[in-house]
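Chemist: Here it is: the structure, laid out below.
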Amino acid sequence: MKQQIIFYVLSRMIFAEAVVLLFPMAIAWYNRDHNVVSFLMASVLAGTVALVLRSRTKIAAEKLTLKEGIAITGLAWVVTTFLGMLPYVSGGYLNPLDAFFESISGFTTTGATTFTSLADLPQSILLWRAMTNWLGGLGIIVIFIALLPQAGASTVNMYRAEGAGPTDDRVLPKLRDMTKALFIIYISFTGAAACLYLIGGLDLFQSLVHAMATVAGGGFSSYDDSAMHFDSVWLEGWMAFFMAVAGGSFGLYYRAWHKGLHLLWRDTEFRAYVCWLAGCSVLIALVLMMELGYTPGYALRLSTFQVSSVATTGFVSTDFDLWPEFTKGLLILLMIVGGCGGSTASGLKVARMVVLFKSTWNIVHQKLSPRRVTPVRLGSARVDETQVLRIGQYFFLYMVCLALCTLFMTWDGIGTFDSFGIAVATLGNVGPGFGVIGATQTYAGLSDFAKVTLCVFMLLGRLEILTLLVMLRPNFWRGERYW
């Protein structure tokens, strides 16, 4: 592993974060709040770290190996998160651990907060929270590749290490051209959401903050009661729409933009995703009508919003912790599955679930007809056996992580169901769960042990487990034999 190329790329990414920190600083200066110094100090420190790392390199560019790509991606997320917590600490809003938790929750788009109240926070801090959501939504590495000159001849290993799903959906031959196209779509969705929120009655600042959190799948609202604050059918409807859209593949949207919208429904994963969300929405609405006596329109309004939210984002339009137990079970399944590959949502991803279902169904057929050979297909593409095996392995790792996180939380004295809800919400990067971290609760009351543990699992969920696990192996930093 060549440390110089790692330092070089990290220095560029950290310098980019130093520049980004100037935006909330400008808001603080405009509003004349004391956070001008906080953001300036954070920006200067980030710039200093970037210069120190850059001074340790004598090369400008070199081809990245798989090992270096993984190292850069993992270190970039950790360092970016650490620098992102500084405004919370220097501004006196949170202690270091809570600030780190808030920062990693923002960048991983989990949306779990340690702020007990947002009412008194200045706009600069609220904007920074939304910006961490937005920067982490599409991916720090993706945005870096799209906006800045490539760090060497190849950055594809960084892109793959960030974890976009089970398939490498390359919509353009050149990686930088592809990331630019995805970034343009990302900005377009954010701008469209902000405009519609403006029409719905929000001011410019609130529209921008909620648009960034919606499209990023982050769920950081500027209100303590999240989307419940609006009580608006218009806003809830458009938020549900953009949350669902953000859970779809951005690569698919690019192809549909150039070749026609009919490609959306022809895509197996997207079709399964839409049917999954629609089916859960209708089923939950029926349960709410039968058991809570809601009218059909109101039940469908609540169910559609929460189904789109827990599958991708984490906004809250009602206290779903008070819903019947069956609906909670469906919401947990939605959190586990998540969105499509190549989206801003986390979770297992719909494509993996489709492949696992088809593979299992083929095994059943082979029991009846041992000589029968039925390939697994995702749409028109055949999924080879190696890929099916990797998907099965990832599913196993995901379940192990859920079990471990649940056990850690129960060890800390939290009830079993609440612990499982916390594990699902953090590993799936959703945020709100049930019980102690329910729709109207925060993570502020958890112990230091629980917060440290959940920081690790939030990052595991965002980087799809393997990148972080590989970096924990001692020989990753020493030997070159298998790389």
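In the structure tokens, chains take the letters A, B, ... in the order shown, each chain's residues start at 1, and ligands count up from 1 in the order shown.
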Using only C-alpha atoms, which protein or nucleic acid residues come within 7 Å of Thr109 in chain A? Drop anything in the same chain fewer than 5 positions from it, and give the result as number ranges by chain.

Modeler: A: 133, 136-137, 216-218, 429

Chemist: Any chance you can output those residues with C-alpha atoms as a PDB file, in the first residue's frame?

Modeler:
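selection_24.pdb, freshly written:
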```pdb
ATOM      1  CA  ASN A 133     -27.219  14.650   5.038  1.00  0.00           C
ATOM      2  CA  GLY A 136     -23.539  11.779   2.459  1.00  0.00           C
ATOM      3  CA  GLY A 137     -26.695  10.948   0.521  1.00  0.00           C
ATOM      4  CA  ALA A 216     -30.493  12.539   0.486  1.00  0.00           C
ATOM      5  CA  GLY A 217     -32.626  10.083   2.440  1.00  0.00           C
ATOM      6  CA  GLY A 218     -31.358  11.670   5.653  1.00  0.00           C
ATOM      7  CA  ASN A 429     -29.596   4.233   8.274  1.00  0.00           C
TER       8      ASN A 429
END
```

Chemist: Find the residues around Asp418 in chain A up to 9 Å (only C-alpha atoms counted), leave out those fewer than 6 positions away in its own chain, and share them as a PyMOL selection string.

Modeler: chain A and resi 406+409-410+433-438

Chemist: Looking at only C-alpha atoms, which of A:Leu252, A:Ala50, A:Ala130, A:Val316 is the one that sits closest to Ile6 in chain A?

Modeler: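 Looking at the shortest contact to Ile6 in chain A, the residue is A:Ala50.
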
Chemist: Which is closer to Asp120 in chain A than all the others in A:Tyr223, A:Ser303, A:Ser369, A:Ile5, using only C-alpha atoms?

Modeler: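 Once distances to Asp120 in chain A are computed over only C-alpha atoms, the minimum belongs to A:Tyr223.
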
Chemist: Counting only C-alpha atoms, which of A:Leu368, A:Val452, A:Ala345, A:Val44 gets nearest to Pro96 in chain A?

Modeler: A:Val452

Chemist: As a ChimeraX atom specification, please: the residues near range 186-196 of chain A (cut-off 12 Å, only C-alpha atoms, same-chain neighbours under 4 positions excluded).

Modeler: /A:130-131,134-139,142-143,146,179-182,200-217,234-251,253-254,342-344

Chemist: Mind giving me the straight-line distance from CA of Trp477 in chain A to CA of Thr65 in chain A in Å, one decimal?

Modeler: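 Between CA of Trp477 in chain A and CA of Thr65 in chain A the gap is 13.4 Å.
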
Chemist: With DSSP run on the backbone, what are the helix (DSSP H, G or I) residues within range 204-422 of chain A? I'd like them as a count of residues only.

Modeler: 156

Chemist: Considering only C-alpha atoms, return as number ranges by chain whatever protein or nucleic-acid residues lie within 12 Å of Phe326 in chain A, sequence-local ones (same chain, fewer than 6 positions apart) excluded.

Modeler: A: 280, 283-288, 291, 320, 332-333

Chemist: Tell me, which residues of range 250-464 of chain A carry DSSP strand (DSSP E), written as a PDB file with all heavy atoms, in the first residue's frame?

Modeler:
```pdb
ATOM      1  N   VAL A 376     -30.567 -17.617 -12.541  1.00  0.00           N
ATOM      2  CA  VAL A 376     -31.183 -16.486 -11.851  1.00  0.00           C
ATOM      3  C   VAL A 376     -31.006 -15.244 -12.713  1.00  0.00           C
ATOM      4  O   VAL A 376     -29.897 -14.933 -13.143  1.00  0.00           O
ATOM      5  CB  VAL A 376     -30.541 -16.258 -10.466  1.00  0.00           C
ATOM      6  CG1 VAL A 376     -31.142 -15.041  -9.787  1.00  0.00           C
ATOM      7  CG2 VAL A 376     -30.710 -17.492  -9.606  1.00  0.00           C
ATOM      8  N   ARG A 377     -32.101 -14.546 -12.968  1.00  0.00           N
ATOM      9  CA  ARG A 377     -32.043 -13.346 -13.797  1.00  0.00           C
ATOM     10  C   ARG A 377     -32.575 -12.140 -13.034  1.00  0.00           C
ATOM     11  O   ARG A 377     -33.533 -12.256 -12.272  1.00  0.00           O
ATOM     12  CB  ARG A 377     -32.843 -13.532 -15.084  1.00  0.00           C
ATOM     13  CG  ARG A 377     -32.267 -14.585 -16.016  1.00  0.00           C
ATOM     14  CD  ARG A 377     -33.000 -14.629 -17.347  1.00  0.00           C
ATOM     15  NE  ARG A 377     -32.413 -15.607 -18.246  1.00  0.00           N
ATOM     16  CZ  ARG A 377     -31.365 -15.359 -19.029  1.00  0.00           C
ATOM     17  NH1 ARG A 377     -30.823 -14.133 -19.035  1.00  0.00           N
ATOM     18  NH2 ARG A 377     -30.867 -16.295 -19.818  1.00  0.00           N
ATOM     19  N   LEU A 378     -31.934 -11.022 -13.254  1.00  0.00           N
ATOM     20  CA  LEU A 378     -32.411  -9.749 -12.733  1.00  0.00           C
ATOM     21  C   LEU A 378     -32.767  -8.909 -13.945  1.00  0.00           C
ATOM     22  O   LEU A 378     -31.920  -8.270 -14.553  1.00  0.00           O
ATOM     23  CB  LEU A 378     -31.333  -9.065 -11.884  1.00  0.00           C
ATOM     24  CG  LEU A 378     -31.784  -7.867 -11.043  1.00  0.00           C
ATOM     25  CD1 LEU A 378     -32.863  -8.274 -10.041  1.00  0.00           C
ATOM     26  CD2 LEU A 378     -30.608  -7.246 -10.305  1.00  0.00           C
ATOM     27  N   ALA A 381     -30.757  -9.474 -17.513  1.00  0.00           N
ATOM     28  CA  ALA A 381     -29.376  -9.854 -17.222  1.00  0.00           C
ATOM     29  C   ALA A 381     -29.330 -11.103 -16.358  1.00  0.00           C
ATOM     30  O   ALA A 381     -30.078 -11.231 -15.385  1.00  0.00           O
ATOM     31  CB  ALA A 381     -28.653  -8.706 -16.526  1.00  0.00           C
ATOM     32  N   ARG A 382     -28.442 -11.996 -16.714  1.00  0.00           N
ATOM     33  CA  ARG A 382     -28.253 -13.210 -15.935  1.00  0.00           C
ATOM     34  C   ARG A 382     -27.299 -12.934 -14.780  1.00  0.00           C
ATOM     35  O   ARG A 382     -26.238 -12.324 -14.960  1.00  0.00           O
ATOM     36  CB  ARG A 382     -27.701 -14.329 -16.821  1.00  0.00           C
ATOM     37  CG  ARG A 382     -27.429 -15.618 -16.062  1.00  0.00           C
ATOM     38  CD  ARG A 382     -27.070 -16.746 -17.004  1.00  0.00           C
ATOM     39  NE  ARG A 382     -26.768 -17.970 -16.272  1.00  0.00           N
ATOM     40  CZ  ARG A 382     -26.560 -19.151 -16.847  1.00  0.00           C
ATOM     41  NH1 ARG A 382     -26.649 -19.271 -18.162  1.00  0.00           N
ATOM     42  NH2 ARG A 382     -26.281 -20.209 -16.112  1.00  0.00           N
ATOM     43  N   VAL A 383     -27.674 -13.379 -13.584  1.00  0.00           N
ATOM     44  CA  VAL A 383     -26.827 -13.217 -12.402  1.00  0.00           C
ATOM     45  C   VAL A 383     -26.043 -14.506 -12.224  1.00  0.00           C
ATOM     46  O   VAL A 383     -26.629 -15.572 -12.002  1.00  0.00           O
ATOM     47  CB  VAL A 383     -27.667 -12.934 -11.141  1.00  0.00           C
ATOM     48  CG1 VAL A 383     -26.769 -12.706  -9.938  1.00  0.00           C
ATOM     49  CG2 VAL A 383     -28.569 -11.733 -11.376  1.00  0.00           C
TER      50      VAL A 383
END
```

Chemist: Given the choices A:Ala16, A:Trp411, A:Arg352, A:Val424, which gets closest to Gln393 in chain A if the distance is worked out from only C-alpha atoms?

Modeler: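 Answer, going by the shortest atom-to-atom distance: A:Arg352.
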